[in-house]
Every structure is written in C-alpha cells, then in structure tokens.
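Undergrad: The structure file my_file.tsv (TSV, C-alpha atoms) is provided below.
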```tsv
chain	number	residue	atom	x	y	z
A	1	MET	CA	24.50	-16.30	-16.26
A	2	VAL	CA	24.40	-13.14	-14.14
A	3	HIS	CA	23.25	-12.25	-10.63
A	4	LYS	CA	20.96	-9.24	-10.21
A	5	MET	CA	21.14	-7.01	-7.14
A	6	ILE	CA	19.48	-3.81	-5.94
A	7	PHE	CA	21.04	-1.36	-3.51
A	8	SER	CA	18.33	0.95	-2.16
A	9	MET	CA	18.10	3.75	0.38
A	10	PRO	CA	15.16	5.74	1.80
A	11	ALA	CA	13.79	8.82	0.12
A	12	GLY	CA	15.91	11.90	0.75
A	13	THR	CA	19.24	10.10	0.53
A	14	PRO	CA	21.53	11.84	-2.00
A	15	PRO	CA	21.47	9.60	-5.12
A	16	LYS	CA	25.07	10.40	-6.07
A	17	LYS	CA	26.31	9.24	-2.69
A	18	VAL	CA	24.35	6.01	-3.02
A	19	LEU	CA	25.94	5.40	-6.43
A	20	ALA	CA	29.41	6.24	-5.09
A	21	ALA	CA	28.97	3.78	-2.20
A	22	VAL	CA	27.86	1.02	-4.59
A	23	LYS	CA	30.85	1.69	-6.86
A	24	ASP	CA	33.24	1.41	-3.91
A	25	PHE	CA	31.56	-1.80	-2.75
A	26	ALA	CA	31.65	-3.36	-6.23
A	27	ARG	CA	35.27	-2.39	-6.78
A	28	GLU	CA	36.35	-4.10	-3.56
A	29	GLU	CA	34.09	-7.14	-3.84
A	30	PHE	CA	34.11	-7.90	-7.59
A	31	GLY	CA	36.80	-5.72	-9.17
A	32	ALA	CA	39.42	-8.44	-9.64
A	33	LYS	CA	37.03	-11.41	-9.77
A	34	HIS	CA	33.89	-10.79	-11.85
A	35	ARG	CA	32.60	-8.49	-14.54
A	36	TYR	CA	29.79	-6.22	-13.41
A	37	ALA	CA	27.67	-3.27	-14.51
A	38	MET	CA	25.35	-0.90	-12.67
A	39	VAL	CA	22.86	1.91	-13.23
A	40	LEU	CA	21.36	4.48	-10.85
A	41	HIS	CA	17.56	4.90	-10.88
A	42	THR	CA	15.85	7.99	-9.49
A	43	ASP	CA	12.41	7.39	-11.01
A	44	GLU	CA	11.04	6.56	-7.55
A	45	PRO	CA	11.28	8.51	-4.27
A	46	HIS	CA	13.97	6.16	-2.91
A	47	PRO	CA	17.23	6.19	-4.91
A	48	HIS	CA	18.41	2.73	-5.88
A	49	VAL	CA	21.14	1.13	-7.97
A	50	HIS	CA	20.64	-1.95	-10.13
A	51	MET	CA	23.70	-4.13	-10.56
A	52	VAL	CA	24.37	-7.25	-12.59
A	53	VAL	CA	27.37	-9.45	-11.83
A	54	LYS	CA	28.61	-12.23	-14.09
A	55	ALA	CA	28.40	-15.46	-12.15
A	56	MET	CA	31.51	-16.99	-13.72
A	57	GLY	CA	34.65	-15.25	-12.52
A	58	TYR	CA	37.82	-14.49	-14.47
A	59	ASP	CA	39.47	-17.57	-12.96
A	60	GLY	CA	36.51	-19.86	-13.71
A	61	THR	CA	35.14	-19.77	-10.15
A	62	ARG	CA	31.36	-19.43	-9.96
A	63	LEU	CA	29.83	-16.87	-7.60
A	64	ASN	CA	27.49	-18.53	-5.10
A	65	ILE	CA	25.30	-16.14	-3.11
A	66	ARG	CA	23.88	-17.31	0.22
A	67	LYS	CA	21.94	-15.51	2.94
A	68	ALA	CA	25.11	-15.04	4.97
A	69	THR	CA	26.72	-13.50	1.86
A	70	LEU	CA	23.89	-11.03	1.49
A	71	ARG	CA	24.10	-10.05	5.16
A	72	GLU	CA	27.81	-9.39	4.81
A	73	TRP	CA	27.28	-7.36	1.65
A	74	ARG	CA	24.66	-5.25	3.43
A	75	ARG	CA	27.17	-4.47	6.17
A	76	GLN	CA	29.82	-3.52	3.59
A	77	PHE	CA	27.37	-1.31	1.69
A	78	ALA	CA	26.39	0.47	4.94
A	79	TRP	CA	30.07	1.01	5.77
A	80	HIS	CA	30.71	2.61	2.36
A	81	LEU	CA	27.64	4.82	2.79
A	82	ARG	CA	28.98	6.06	6.11
A	83	GLU	CA	32.31	6.77	4.41
A	84	HIS	CA	30.41	9.10	2.06
A	85	GLY	CA	28.63	10.85	4.92
A	86	VAL	CA	25.34	8.95	4.82
A	87	ALA	CA	24.10	7.61	8.15
A	88	ALA	CA	23.42	3.93	7.50
A	89	ASN	CA	23.34	0.70	9.43
A	90	ALA	CA	22.83	-2.82	8.10
A	91	THR	CA	19.99	-3.75	10.43
A	92	GLU	CA	18.27	-6.97	9.41
A	93	ARG	CA	14.59	-6.86	8.47
A	94	ALA	CA	13.60	-9.19	11.29
A	95	VAL	CA	15.35	-7.00	13.87
A	96	ARG	CA	13.30	-4.04	12.60
A	97	GLY	CA	10.12	-6.11	12.93
A	98	VAL	CA	9.59	-6.42	9.17
A	99	THR	CA	7.96	-9.70	8.17
A	100	LYS	CA	6.42	-8.71	4.82
A	101	PRO	CA	7.44	-11.25	2.15
A	102	GLN	CA	10.36	-10.09	0.05
A	103	LYS	CA	10.55	-11.24	-3.56
A	104	PRO	CA	13.02	-10.82	-6.44
A	105	ASP	CA	12.94	-7.58	-8.39
A	106	GLY	CA	11.09	-9.13	-11.35
A	107	ILE	CA	8.19	-10.30	-9.17
A	108	TYR	CA	8.15	-6.97	-7.29
A	109	ARG	CA	7.88	-4.93	-10.49
A	110	ALA	CA	5.29	-7.28	-11.99
A	111	GLU	CA	3.21	-6.86	-8.84
A	112	ARG	CA	3.38	-3.08	-9.16
A	113	ARG	CA	2.02	-3.45	-12.71
A	114	HIS	CA	-0.69	-5.78	-11.32
A	115	ASP	CA	0.69	-8.44	-13.67
A	116	SER	CA	2.44	-10.89	-11.32
A	117	THR	CA	1.49	-14.52	-12.01
A	118	HIS	CA	3.43	-15.53	-8.88
A	119	TRP	CA	1.29	-13.41	-6.54
A	120	ARG	CA	-1.89	-14.25	-8.44
A	121	GLU	CA	-1.30	-17.97	-7.96
A	122	ARG	CA	-0.32	-17.49	-4.29
A	123	THR	CA	-3.37	-15.30	-3.67
A	124	GLU	CA	-5.74	-17.79	-5.31
A	125	ALA	CA	-4.27	-20.62	-3.21
A	126	VAL	CA	-4.72	-18.64	0.01
A	127	ALA	CA	-8.27	-17.65	-0.95
A	128	ARG	CA	-9.18	-21.31	-1.49
A	129	ALA	CA	-7.67	-22.27	1.88
A	130	MET	CA	-9.44	-19.52	3.86
A	131	THR	CA	-12.50	-20.30	5.94
A	132	PRO	CA	-15.62	-18.10	5.60
A	133	ARG	CA	-14.46	-16.28	8.75
A	134	GLY	CA	-11.07	-15.48	7.22
A	135	GLU	CA	-9.11	-18.06	9.19
A	136	ILE	CA	-6.19	-19.96	7.68
A	137	SER	CA	-3.97	-22.75	8.93
A	138	ALA	CA	-0.49	-21.75	10.07
A	139	GLU	CA	2.53	-22.59	7.95
A	140	PRO	CA	5.42	-24.62	9.37
A	141	ALA	CA	7.60	-21.51	8.96
A	142	LYS	CA	5.36	-19.61	11.40
A	143	ALA	CA	6.97	-21.43	14.34
A	144	GLN	CA	10.39	-20.20	13.23
A	145	LEU	CA	9.02	-16.67	12.88
A	146	LEU	CA	7.81	-16.76	16.47
A	147	VAL	CA	11.13	-18.10	17.73
A	148	THR	CA	13.01	-15.38	15.82
A	149	ARG	CA	10.70	-12.70	17.21
A	150	LEU	CA	11.27	-14.01	20.75
A	151	HIS	CA	15.05	-13.71	20.36
A	152	ILE	CA	14.70	-10.22	18.88
A	153	VAL	CA	12.50	-9.00	21.72
A	154	ARG	CA	14.93	-10.41	24.27
A	155	GLY	CA	17.81	-8.71	22.45
A	156	TRP	CA	16.09	-5.31	22.38
A	157	ASN	CA	15.10	-5.62	26.05
A	158	GLY	CA	18.74	-6.44	26.85
A	159	VAL	CA	19.80	-3.27	25.03
A	160	ALA	CA	17.25	-1.28	27.05
A	161	ASP	CA	18.56	-2.78	30.30
A	162	ASP	CA	22.15	-1.83	29.36
A	163	LEU	CA	21.09	1.72	28.53
A	164	ALA	CA	19.22	2.03	31.83
A	165	ARG	CA	22.28	0.86	33.77
A	166	GLN	CA	24.35	3.48	31.93
A	167	GLY	CA	21.95	6.19	33.09
A	168	GLN	CA	20.30	6.72	29.69
A	169	ALA	CA	16.76	6.23	30.95
A	170	GLU	CA	15.03	8.13	28.13
A	171	LEU	CA	16.79	6.18	25.41
A	172	ALA	CA	16.05	2.92	27.23
A	173	LEU	CA	12.37	3.93	27.34
A	174	GLU	CA	12.40	4.60	23.58
A	175	VAL	CA	13.82	1.13	22.95
A	176	ARG	CA	11.12	-0.50	25.09
A	177	ARG	CA	8.45	1.55	23.31
A	178	PHE	CA	9.84	0.37	19.97
A	179	VAL	CA	9.54	-3.25	21.14
A	180	THR	CA	5.89	-2.80	22.16
A	181	GLN	CA	5.08	-1.30	18.75
A	182	LEU	CA	6.57	-4.12	16.69
A	183	PRO	CA	3.95	-5.51	14.28
A	184	PRO	CA	2.94	-9.13	14.88
A	185	PRO	CA	5.04	-11.64	12.94
A	186	ARG	CA	3.10	-12.87	9.91
A	187	SER	CA	3.91	-15.64	7.50
A	188	GLU	CA	3.44	-15.10	3.76
A	189	ARG	CA	0.07	-16.87	3.81
A	190	GLU	CA	-1.11	-14.70	6.70
A	191	TRP	CA	0.15	-11.57	4.98
A	192	ILE	CA	-1.79	-12.46	1.81
A	193	ARG	CA	-4.87	-13.35	3.90
A	194	ASP	CA	-4.79	-9.96	5.64
A	195	ARG	CA	-4.43	-8.17	2.31
A	196	LEU	CA	-7.44	-10.08	0.93
A	197	LEU	CA	-9.51	-9.12	3.96
A	198	GLU	CA	-8.54	-5.46	3.57
A	199	GLN	CA	-9.54	-5.56	-0.09
A	200	THR	CA	-12.85	-7.18	0.87
A	201	LYS	CA	-13.54	-4.41	3.37
A	202	GLY	CA	-12.69	-1.89	0.70
A	203	SER	CA	-15.12	-3.48	-1.74
A	204	GLU	CA	-17.81	-3.52	0.96
A	205	ARG	CA	-17.24	0.18	1.52
A	206	ALA	CA	-17.46	0.74	-2.22
A	207	GLN	CA	-20.72	-1.22	-2.35
A	208	PHE	CA	-22.07	0.83	0.57
A	209	VAL	CA	-21.16	4.06	-1.22
A	210	ASP	CA	-22.85	2.79	-4.39
A	211	ARG	CA	-25.99	1.89	-2.44
A	212	TRP	CA	-25.91	5.30	-0.75
A	213	LYS	CA	-25.61	7.03	-4.12
A	214	GLN	CA	-28.47	4.94	-5.53
A	215	ASP	CA	-30.66	5.71	-2.49
A	216	ALA	CA	-29.83	9.40	-2.75
A	217	LEU	CA	-30.68	9.36	-6.46
A	218	SER	CA	-33.94	7.52	-5.83
A	219	THR	CA	-34.88	10.01	-3.11
A	220	TRP	CA	-34.11	12.94	-5.40
A	221	GLN	CA	-36.10	11.39	-8.24
A	222	ALA	CA	-39.07	10.81	-5.95
A	223	PHE	CA	-38.84	14.39	-4.69
A	224	ARG	CA	-38.69	15.75	-8.23
A	225	ALA	CA	-41.63	13.58	-9.30
A	226	HIS	CA	-43.69	14.87	-6.36
A	227	GLN	CA	-42.63	18.43	-7.11
A	228	GLN	CA	-43.57	18.10	-10.78
A	229	ALA	CA	-46.91	16.54	-9.86
A	230	THR	CA	-47.57	19.46	-7.49
A	231	GLU	CA	-46.63	21.98	-10.17
A	232	GLN	CA	-48.85	20.24	-12.73
A	233	ALA	CA	-51.76	20.20	-10.26
A	234	ARG	CA	-51.23	23.92	-9.60
A	235	GLU	CA	-51.18	24.59	-13.36
A	236	ARG	CA	-54.43	22.67	-13.82
A	237	GLU	CA	-56.02	24.62	-10.98
A	238	LEU	CA	-54.86	27.86	-12.54
A	239	ASP	CA	-56.27	26.75	-15.90
A	240	ARG	CA	-59.66	26.00	-14.30
A	241	SER	CA	-59.64	29.36	-12.59
A	242	ARG	CA	-58.85	31.15	-15.85
A	243	GLN	CA	-61.63	29.27	-17.66
A	244	LEU	CA	-64.15	30.19	-14.94
A	245	ASP	CA	-63.07	33.81	-15.11
A	246	LEU	CA	-63.46	33.74	-18.88
A	247	LYS	CA	-67.00	32.31	-18.62
A	248	ARG	CA	-67.98	34.99	-16.09
A	249	SER	CA	-66.58	37.71	-18.27
A	250	ARG	CA	-68.69	36.44	-21.22
A	251	ARG	CA	-71.90	36.42	-19.18
A	252	ARG	CA	-71.68	40.00	-17.91
A	253	PRO	CA	-72.15	41.83	-21.26
A	254	ARG	CA	-75.22	39.70	-22.15
A	255	ASN	CA	-76.88	40.50	-18.85
A	256	HIS	CA	-76.06	44.16	-19.35
A	257	ARG	CA	-77.73	44.20	-22.83
A	258	ASP	CA	-80.82	42.50	-21.40
A	259	ASP	CA	-81.16	45.28	-18.83
A	260	ARG	CA	-80.94	47.92	-21.50
A	261	THR	CA	-83.79	46.36	-23.60
A	262	ARG	CA	-86.03	46.35	-20.68
```
Please go through the file and, once you have read it, give me the structure as structure tokens.

TA:
Amino acid sequence: MVHKMIFSMPAGTPPKKVLAAVKDFAREEFGAKHRYAMVLHTDEPHPHVHMVVKAMGYDGTRLNIRKATLREWRRQFAWHLREHGVAANATERAVRGVTKPQKPDGIYRAERRHDSTHWRERTEAVARAMTPRGEISAEPAKAQLLVTRLHIVRGWNGVADDLARQGQAELALEVRRFVTQLPPPRSEREWIRDRLLEQTKGSERAQFVDRWKQDALSTWQAFRAHQQATEQARERELDRSRQLDLKRSRRRPRNHRDDRTR
C-alpha cells in the first residue's frame, strides 16, 4: 500500500525549484523511514510534483496521515520553498476563503475528463433534492462552516486592528477589504447546486441563441421568398409587355400593305 500526494504551486513558479523543495521535504520526512518516489509534471500551467510513499516503513511502522499531519507537511513544504527563493506561505484554504470541495487526485482528474462517477452520483443526488426554485436543505456540516468563517473573520479583523495600531493604515485597509470580498461559505451540496444552476442558465442562453438563429433564418427565408415572388411577377410583366409589343409589330406591316392597295 502507498500514499499518493501532490505538491503544487501557482503558474509562474519555477518548476525546478518546486521539485528541489519537494526533494528536500521528502528527504527529511521520509528518507530514513519509508521508500518514496516522485515525478515533476509541467503539462499544466501550475507546476506540480506527484509523490508516492510506501505506507509500511523500514521498521514495520505504518504511516498514518491525518489532517494535522497534512497541515504540518504544508508548512514544511512552504519553508523549503522559501529556502529556494520562492515566496510561499502555508495558508489554510479556509483562511483564504476557499470552500470549494477538494477531492483526491483520481476524482479530480476523472472530473476533468468528464468521467467521474463520484461527481455524477453526487450531482444526481443534489438534483433530486433541489426544489423547482433551486433551493436545497442545508447539510449538518454547514453549521461548522459558518463557525469556522466567523473565527476567520475575527482573526483577520484582529490583524487589521494590529496593523492600524502600528501605523500601517493602508495595509490594514487592504486586510479589511479582503475580508469583505471573501466568498460566502458553501457546503459541497450548495456548491454542486450552484454549478447546476449556472449550467441551466447556460443551456437557457444556448436555447435563446438557437431560437434567435431560427427566427433570423425564418425571416431571411420569408424575405427571399417575397423577393423571388416579386422578381417572378416582374418577369411575367415583362413577358406580357414583350408579347404585346410583338403583336403590335405584326399588325403594322399588314395595315401598311392595305394602304398601298387602296
């Protein structure tokens, strides 16, 4: 059994420095305990390193990964990045206002291929639970999300107060502006519900565009039909005029001969 991990940084971060930081982290954390392997991927804008670690250590101790373990590893990874000259800080997702559901790499990549059975089942369940107006009952975890957001807002406001007391009014204002722009905390069900509603709006726009195209085509066809009918009527009128002219031209010589006999 192995544990899979991903170490990722935003686009523009030097990939070699990301790989070097991961190597330093792995050497310190697993070097004398567990076997591991890693590979750097640059196929996407953000450089990232995939790592697999054997769960059973050299001494027979199994590696157990908990949330606190992951938080500590994030801090260590950020420290190694800074050692390589990359500005990094292990800020938790909740502190940054991020509440989008985070899933294992396999589910994430399957979703990108539009082939995730996990998200398909979750989406179908949310769609069945939605009311016609798009409402959905709150999950028990939503209460914890709100409590966490309350603590985060208080923490950021405390930072702003400290900055203001230190005379850094502009920086304190930026912190308060950041707090006001935090997205509302959403549970996974709410996040899926909002995505469904956005897709519905998109399909409605697509239907409107299709109707507009059909109306435009119908209008053009009606215009062309009227134009063709007008052209055909003009041609018939011209034909009648030519036939009348031809009849007149045939009568004139006969009348002229009659005058000569007289």

Undergrad: Within 12 Å of (42.9, -18.0, -13.7) (file coordinates; only C-alpha atoms), which protein or nucleic acid residues are there? I'd like them as a PyMOL selection string.

TA: chain A and resi 32-34+56-61

Undergrad: Nearest residue to Arg122 (chain A) out of A:Leu19, A:Leu70, A:Val53, A:Ile192, using only C-alpha atoms?

TA: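 Closest residue, counting only C-alpha atoms: A:Ile192.
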
Undergrad: What does the structure give for the distance between CA of Thr230 (chain A) and CA of Leu244 (chain A), in Å to one decimal?

TA: 21.1 Å

Undergrad: In Å to one decimal, how far is CA of Thr69 (chain A) from CA of Thr13 (chain A)?

TA: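 Straight-line distance from CA of Thr13 (chain A) to CA of Thr69 (chain A) works out to 24.8 Å.
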
Undergrad: Find the spatial neighbours of region 140-142 of chain A, counting all atoms listed in the file, within a cut-off of 10 Å - ignore same-chain residues fewer than 4 positions away - and output them as a list in words.

TA: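 The neighbour list is Leu146, Val147, Thr148, Pro185, Arg186, Ser187, Glu188, Arg189 and Glu190 of chain A.
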
Undergrad: Which is closer to Glu139 (chain A) than all the others in A:Lys16, A:Arg248, A:Trp191, A:Val159, using only C-alpha atoms?

TA: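 Looking only at the distances to Glu139 (chain A), the closest residue turns out to be A:Trp191.
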
Undergrad: To one decimal place, how far is CA of Gly134 (chain A) from CA of Leu197 (chain A) in Å?

TA: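 Straight-line distance from CA of Gly134 (chain A) to CA of Leu197 (chain A) works out to 7.3 Å.
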
Undergrad: Of the candidates A:Ile65, A:Val18, A:Ala225, A:Leu171, which one gets nearest to His41 (chain A) if we count only C-alpha atoms?

TA: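 Between A:Ile65, A:Val18, A:Ala225, A:Leu171, the residue approaching His41 (chain A) most closely is A:Val18.
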
Undergrad: Within 9 Å of Arg75 (chain A), counting all atoms listed in the file, which residues qualify if same-chain residues fewer than 4 places away don't, as a list in words?

TA: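 What passes the distance filter is Leu70, Arg71, Trp79, His80, Asn89, Ala90 and Thr91 of chain A.
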
Undergrad: Rank A:Ser137, A:Thr117, A:Asn64, A:Gln76 by their smallest atom-to-atom distance to Ala21 (chain A), using all atoms listed in the file, and report the top residue only.

TA: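 Using all atoms listed in the file, Ala21 (chain A) sits closest to A:Gln76.
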
Undergrad: Extract, using all atoms listed in the file, all DNA, RNA and protein residues at most 10 Å from Glu135 (chain A), discarding same-chain residues fewer than 3 positions from it, and format them as a CSV table (one decimal) with C-alpha atoms, in the coordinates of the input.

TA:
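Result file follows (result-v5.csv):
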```csv
chain,number,residue,atom,x,y,z
A,129,ALA,CA,-7.7,-22.3,1.9
A,130,MET,CA,-9.4,-19.5,3.9
A,131,THR,CA,-12.5,-20.3,5.9
A,132,PRO,CA,-15.6,-18.1,5.6
A,138,ALA,CA,-0.5,-21.8,10.1
A,190,GLU,CA,-1.1,-14.7,6.7
A,193,ARG,CA,-4.9,-13.4,3.9
A,194,ASP,CA,-4.8,-10.0,5.6
```
